[in-house]
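Comments concern the structure below.
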Amino acid sequence: MSGLSPTVVEAPEVAAGSGPLIRAEDLWRTYVMGAEEIHALRGVSFTIDPGEYVAIMGPSGSGKSTLMNLIGCLDTPSRGNYVLRGKTVSQMVDDELAEIRNREIGFVFQTFNLLPRASALHNVELPMVYAGIPKVERLARARRALEMVDLGDRVQHKPSELSGGQRQRVAIARALVMGPSILLADEPTGNLDTVTGEEIMRLFEKLHGDGHTIIVVTHERDIADHAHRTIHIRDGKIESDERREKRQ
Amino acid sequence: MSGARNGNSVPFSEAIAIAVASLRANKLRSLLTVLGILIGVSSVIAVVAITEGLDRYIAERVLELGSQTFTLQKFPDIITSREQWLEMQKRKDLNLTDLQAVRDACEACLEVGGMYQTRRDVKFGRTTQENVVVMGVTENAPRIGTMREITAGRPLIADDVDRGAPVAVIGTDVADAFFGHLDPLGKEIQVDGHPLRVIGVTDKKGSVFGNSQDNFMWVPITHFQKLWGNRRSVDIMVQAGSMDRFEDAQDQVRVVMRNRRHLGFGKPDDFSIETGESVLELWQSATRGIYVVTVVVTAISLLVGGVVVMNIMLVSVTERIREIGVRKALGARRRDILRQFLVESVILALFGGLLGLLGATVFSWGLATVLGKIMSTSFTAPVRLWAVLLALLVSTLVGLVAGIYPAGRAAALDPVVALRNE
C-alpha cells in the first residue's frame, strides 16, 4: 500500500527486455455444433510486448470475440499455445484460469457488467475478494482506484445512480485494482455517446502512458485509431497487423 | 502491490453478505419460499413444547397421588380389549374381609385403607348439589394418596367407622353450594333421603382437565355399606412403609390375595394392583404417538420446503447467470460460486427455521395460556433448547441439500456463455 504516488494503481513492472507479454502460436478454436465443426479461429499467431496499446478489429463473426476470450483466459484454444507472462495458459484447468484472470487480466466490457445492487466501492473490491485480500486493504485500494478514475466522491453510489461514463470508469477501476498485466476492453465505448466515449479513450491513453498494456477489441475505426497497433481479424485468421506509430 | 491468493476460498462473511443482500432484494419471494420450512419447524417445536408441558402436568398430578401408594382393585385402570373386559366381569368383588386380611398379613404396608365410591345428588333444605362423589372410606383412607387438609371441624376417626356413624366430611364445592358463608359444621344434609351430619370441611384442590376435585364427600365406610349395600367392590388402598418396601408391599398383597382366592401356580391374578405409574405409562405411550405423527408431518413439510428452496435457488441461479459470468471473469473459482449459492440456500432455509421458531414460541405460549385457563391451573409449554437447536440444524441441512444442485450448476457455468447471457 504505497502512499502518495500520483499513479495509485501502478502498472506491473515488466522490463521491456524480458520477452513478450503474450505469445500466441497457431491458435485454433473449434466449436462442435451437432455434426458440424465450426472453426472460429484458424491458426492465429502473434506476440504482444509489455506496454503495447493494441486494437483488435474485425467484423462480427470474424472470430475477434473468440480471440478476446482466449486472450482473457475465459476460454482455452482447441489447438495451439497461448503463453501469458511465461505461463502456458492453453494447458490450464478452470480454477487455474480463474486465478490467472484474477491476477493478470483486467476486463472492461461494453455493458460495464457491474453488480447492480453493489456500491461502486464494492464493485471495485470484488476482484480482491476473490484474491483473498483482507477487508481493510481491499477498501483502501478500491477507494484509491476510484479516486484515480475521478470517482472519489461517488464510492457509495450504486451503478443505477451513475451515468454511463461513470459506470465505465468504475469498471476500469475494477479492472485495474489487482494490478493486472493486461487491460482487456471489449467495445468499451459501445454503450456510450461520442463525447463520453472520447473521455474513456483519453483515460485509456493516460493509463497507457503510465505503462499499462492495453488491448481493445472493437469494430469502430475511431476507437482503433487510439491504439498504436491494429490487428485485423477476418474469417478466423489475421488479415493484417500494423503499427501506426512507434511506441516510446 | 501483491495479488497473492491465500489459497482459501472467499471468506464466509463475504458469502453471507452476498446471500443476505440477494434475499433482501426478494423479500416476498424469500418469505414464500421458506413457508414449508417455517411450518415444519414450528410444528415440531410447538408440539414438543406442548406435550412436554402436558407431560410435566400429568407427572405432577400422578406424583401427588404419592409414589409409595398403590391400589388393590377388582378391575385394572386400563382395559385394552373386549375379551379382557369380558374376562374381568368374572372377577369376584373385593370386600372388607379382604381388606382386613391384607391389613393383618402385609408387614411392608404402613397403611391399608378401603374405599367405596358412588355419585349421588346431595340435598340441603331445598338446595341440591348434583353428582357429588360420595366416598365410603376407612378413617385412614384420606391419608393415603392425595393429601387433604381439614380446614374446619374434624376428620373421620376410627370410632366413626366402628359405629357406622351417619356423618360426613365435605369438599369445598359442596360446602359452598349449601352453606356459603354459614358454618357448615353440625348441619344435616341428605343423600337419597338419608341424613348425614357434617363434621368437617376439606381444603380446595381446584380442577384437573376441567373436572373439579372438590365436589365430593367422605362418609364412614361402614355407613356407606349400610346405605348402598354390599354388592360393590371395595378399592383397597395401600401405602408402603418406605420407597424401598414398595415392591415388597405389592408382593405381599398379591400373595395374600392369591391365597384367599386359592389361585394355583401359573394362574393369573384375578384382581388388579395399580400404581400411579400405569396411568403415567398410558400417557407416555399416547405422547409417543403424538411425537411420531409430528415427526412425519415435519418430515413432509421439510421435504416440500426443501424442494421449494431448491426450485427458487434454480431460479436465482438462472436470473444471475450474467452476474456469475462477471464474478468468474474477475477471478471467482468454482468453489467460490458453489459456496456463494450454498450459503444463500442455507441462509434462506435458516431464515425459515427462525421464523418457525418464532411462530412456535408464540403459538405454544398462546396455547399454554388457553390450556391453563381451561384447567384453571398454571400451565407452561417450555420451548426447549434442544428442540431449537434441532430445528436450526435440520433447516440448515435442508438448505444445504436443496442448494447442492443449483449451486453446482452455477459453479459449472462456462464464463464465456454466462457473460453472453442477456
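As shown in the C-alpha cells, the chain order sets the letters A, B, ...; within each chain, residues go from 1, and ligands are also counted from 1 in the order they appear.
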*asked:* Residues of chain A within 10 Å of chain B, counting only C-alpha atoms - could you list those as a PyMOL selection string?
replied: chain A and resi 1-2+9-12+65-66+69-70+72-75+94-107+109+112-118+126-135+141+174-175+177-180
Quick one: write out the picked residues with N, CA and C atoms as a short mmCIF file (atom, residue, chain, number, x, y, z; two decimals), in the first residue's frame?
```
data_model
loop_
_atom_site.label_atom_id
_atom_site.label_comp_id
_atom_site.auth_asym_id
_atom_site.auth_seq_id
_atom_site.Cartn_x
_atom_site.Cartn_y
_atom_site.Cartn_z
N MET A 1 0.85 -1.20 0.00
CA MET A 1 0.00 0.00 0.00
C MET A 1 0.88 1.25 0.00
N SER A 2 1.38 1.61 -1.17
CA SER A 2 2.25 2.77 -1.24
C SER A 2 1.42 4.03 -1.13
N VAL A 9 -2.69 3.05 -8.90
CA VAL A 9 -2.65 1.66 -9.34
C VAL A 9 -1.56 1.55 -10.38
N GLU A 10 -0.44 1.01 -9.94
CA GLU A 10 0.71 1.04 -10.82
C GLU A 10 0.61 -0.05 -11.88
N ALA A 11 1.28 0.22 -12.99
CA ALA A 11 1.43 -0.82 -13.99
C ALA A 11 2.44 -1.83 -13.46
N PRO A 12 2.28 -3.09 -13.81
CA PRO A 12 3.23 -4.09 -13.33
C PRO A 12 4.61 -3.82 -13.90
N SER A 65 -14.19 -11.98 -31.13
CA SER A 65 -14.67 -12.25 -29.77
C SER A 65 -14.04 -13.52 -29.21
N THR A 66 -13.92 -14.52 -30.09
CA THR A 66 -13.29 -15.77 -29.66
C THR A 66 -11.84 -15.51 -29.26
N ASN A 69 -11.74 -13.88 -25.92
CA ASN A 69 -11.96 -14.84 -24.83
C ASN A 69 -10.69 -15.63 -24.52
N LEU A 70 -9.92 -15.95 -25.58
CA LEU A 70 -8.67 -16.69 -25.36
C LEU A 70 -7.64 -15.80 -24.68
N GLY A 72 -8.23 -13.28 -22.85
CA GLY A 72 -8.70 -13.00 -21.49
C GLY A 72 -8.74 -14.23 -20.61
N CYS A 73 -8.29 -15.38 -21.12
CA CYS A 73 -8.25 -16.63 -20.34
C CYS A 73 -9.65 -17.05 -19.87
N LEU A 74 -10.68 -16.63 -20.60
CA LEU A 74 -12.03 -17.12 -20.30
C LEU A 74 -12.24 -18.47 -20.95
N ASP A 75 -11.37 -18.76 -21.92
CA ASP A 75 -11.54 -19.96 -22.73
C ASP A 75 -10.13 -20.44 -23.10
N ASP A 94 -9.93 -25.04 -15.26
CA ASP A 94 -10.83 -23.98 -14.80
C ASP A 94 -10.31 -23.07 -13.70
N ASP A 95 -9.97 -23.68 -12.57
CA ASP A 95 -9.62 -22.87 -11.41
C ASP A 95 -8.30 -22.14 -11.59
N GLU A 96 -7.39 -22.75 -12.35
CA GLU A 96 -6.13 -22.06 -12.65
C GLU A 96 -6.40 -20.86 -13.54
N LEU A 97 -7.29 -21.04 -14.50
CA LEU A 97 -7.67 -19.92 -15.36
C LEU A 97 -8.28 -18.80 -14.53
N ALA A 98 -9.10 -19.18 -13.56
CA ALA A 98 -9.73 -18.17 -12.70
C ALA A 98 -8.66 -17.35 -11.99
N GLU A 99 -7.63 -18.02 -11.52
CA GLU A 99 -6.55 -17.29 -10.83
C GLU A 99 -5.81 -16.37 -11.77
N ILE A 100 -5.56 -16.85 -13.00
CA ILE A 100 -4.87 -16.02 -13.99
C ILE A 100 -5.72 -14.78 -14.31
N ARG A 101 -7.02 -14.99 -14.51
CA ARG A 101 -7.91 -13.86 -14.79
C ARG A 101 -7.87 -12.86 -13.64
N ASN A 102 -7.89 -13.43 -12.46
CA ASN A 102 -7.90 -12.58 -11.27
C ASN A 102 -6.66 -11.69 -11.19
N ARG A 103 -5.51 -12.28 -11.50
CA ARG A 103 -4.27 -11.53 -11.29
C ARG A 103 -3.75 -10.81 -12.51
N GLU A 104 -3.99 -11.40 -13.69
CA GLU A 104 -3.31 -10.89 -14.88
C GLU A 104 -4.20 -10.08 -15.81
N ILE A 105 -5.52 -10.27 -15.72
CA ILE A 105 -6.40 -9.65 -16.70
C ILE A 105 -7.36 -8.68 -16.02
N GLY A 106 -7.44 -7.47 -16.60
CA GLY A 106 -8.45 -6.54 -16.14
C GLY A 106 -9.47 -6.34 -17.26
N PHE A 107 -10.70 -6.82 -17.01
CA PHE A 107 -11.72 -6.76 -18.06
C PHE A 107 -12.49 -5.45 -18.03
N PHE A 109 -15.97 -4.22 -20.07
CA PHE A 109 -16.98 -4.73 -21.00
C PHE A 109 -17.78 -3.60 -21.62
N PHE A 112 -20.51 -2.76 -19.29
CA PHE A 112 -19.96 -2.44 -17.95
C PHE A 112 -19.92 -3.65 -17.03
N ASN A 113 -21.05 -4.40 -16.98
CA ASN A 113 -21.12 -5.59 -16.13
C ASN A 113 -20.77 -5.32 -14.67
N LEU A 114 -21.36 -4.26 -14.14
CA LEU A 114 -21.22 -4.02 -12.70
C LEU A 114 -22.33 -4.77 -11.99
N LEU A 115 -22.10 -5.15 -10.73
CA LEU A 115 -23.19 -5.77 -9.97
C LEU A 115 -24.17 -4.66 -9.57
N PRO A 116 -25.42 -4.78 -10.00
CA PRO A 116 -26.35 -3.65 -9.87
C PRO A 116 -26.65 -3.27 -8.42
N ARG A 117 -26.64 -4.26 -7.51
CA ARG A 117 -27.03 -3.94 -6.13
C ARG A 117 -25.87 -3.48 -5.27
N ALA A 118 -24.66 -3.59 -5.83
CA ALA A 118 -23.48 -3.25 -5.02
C ALA A 118 -23.05 -1.82 -5.31
N LEU A 126 -14.46 -6.32 -5.57
CA LEU A 126 -14.77 -7.71 -5.89
C LEU A 126 -13.58 -8.58 -6.31
N PRO A 127 -12.73 -8.13 -7.27
CA PRO A 127 -11.60 -9.00 -7.64
C PRO A 127 -10.69 -9.29 -6.45
N MET A 128 -10.58 -8.34 -5.54
CA MET A 128 -9.71 -8.53 -4.37
C MET A 128 -10.33 -9.51 -3.38
N VAL A 129 -11.69 -9.57 -3.38
CA VAL A 129 -12.37 -10.57 -2.55
C VAL A 129 -11.93 -11.96 -2.99
N TYR A 130 -11.93 -12.16 -4.33
CA TYR A 130 -11.57 -13.49 -4.83
C TYR A 130 -10.07 -13.75 -4.73
N ALA A 131 -9.29 -12.68 -4.52
CA ALA A 131 -7.86 -12.86 -4.32
C ALA A 131 -7.55 -13.13 -2.85
N GLY A 132 -8.56 -13.02 -2.00
CA GLY A 132 -8.36 -13.28 -0.57
C GLY A 132 -7.62 -12.17 0.14
N ILE A 133 -7.76 -10.94 -0.36
CA ILE A 133 -7.10 -9.80 0.30
C ILE A 133 -7.98 -9.33 1.46
N PRO A 134 -7.35 -9.03 2.61
CA PRO A 134 -8.14 -8.64 3.79
C PRO A 134 -8.96 -7.36 3.55
N LYS A 135 -10.08 -7.31 4.23
CA LYS A 135 -11.08 -6.25 4.06
C LYS A 135 -10.48 -4.83 4.10
N ARG A 141 -7.58 0.09 -1.16
CA ARG A 141 -7.17 0.02 -2.57
C ARG A 141 -8.33 0.37 -3.49
N ARG A 174 -12.18 -1.18 -11.41
CA ARG A 174 -12.25 -2.59 -11.01
C ARG A 174 -11.22 -3.41 -11.79
N ALA A 175 -11.08 -3.10 -13.07
CA ALA A 175 -10.16 -3.85 -13.91
C ALA A 175 -8.72 -3.64 -13.46
N VAL A 177 -7.59 -2.71 -10.35
CA VAL A 177 -7.30 -2.70 -8.92
C VAL A 177 -6.38 -3.84 -8.50
N MET A 178 -6.36 -4.92 -9.28
CA MET A 178 -5.46 -6.03 -8.94
C MET A 178 -4.08 -5.87 -9.59
N GLY A 179 -3.88 -4.75 -10.31
CA GLY A 179 -2.61 -4.55 -10.98
C GLY A 179 -2.33 -5.60 -12.04
N PRO A 180 -3.22 -5.76 -13.01
CA PRO A 180 -3.09 -6.83 -14.00
C PRO A 180 -2.03 -6.53 -15.05
#
```
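Residues surrounding stretch 119-128 of chain B within 9 Å are Val134, Met135, Val174, Ala177, Phe178, Phe179, Lys187, Glu188, Ile189, Gln190, Val191, Asp192, Gly193 and Phe216 of chain B [only C-alpha atoms; sequence separation below 6 positions excluded].
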*asked:* I need the residues of stretch 45-237 of chain A that end up classed as alpha helix (DSSP H) by DSSP on the backbone, written out as number ranges by chain.
replied: A: 64-71, 94-104, 120-130, 135-148, 164-176, 194-209, 221-224
*Could you pull out the residues in stretch 10-182 of chain B that DSSP calls strand (DSSP E or B) from the backbone, as a ChimeraX atom specification?*
/B:69-73,109-124,127-137,150-153,167-170
*Would you kindly return, as a list of chain:residue names, each protein, DNA or RNA residue with an atom no farther than 9 Å from any atom of B:Ala108, considering only C-alpha atoms and excluding same-chain residues fewer than 6 positions away?*
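Contacts, with the query itself left out: B:Gln239, B:Ala240, B:Gly241, B:Ser242, B:Arg245, B:Phe246, B:Asp248, B:Ala249, B:Gln250, B:Gln252.
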May I have the residues from that selection written out with C-alpha atoms, as a PDB file, in the first residue's frame?
```pdb
ATOM      1  CA  GLN B 239     -49.171 -47.148  51.441  1.00  0.00           C
ATOM      2  CA  ALA B 240     -45.841 -48.936  51.730  1.00  0.00           C
ATOM      3  CA  GLY B 241     -43.650 -48.357  54.774  1.00  0.00           C
ATOM      4  CA  SER B 242     -40.996 -46.754  52.581  1.00  0.00           C
ATOM      5  CA  ARG B 245     -40.531 -51.564  50.508  1.00  0.00           C
ATOM      6  CA  PHE B 246     -42.887 -50.523  47.722  1.00  0.00           C
ATOM      7  CA  ASP B 248     -42.378 -55.908  48.800  1.00  0.00           C
ATOM      8  CA  ALA B 249     -45.711 -54.458  49.812  1.00  0.00           C
ATOM      9  CA  GLN B 250     -47.174 -55.199  46.380  1.00  0.00           C
ATOM     10  CA  GLN B 252     -47.202 -59.386  49.976  1.00  0.00           C
TER      11      GLN B 252
END
```
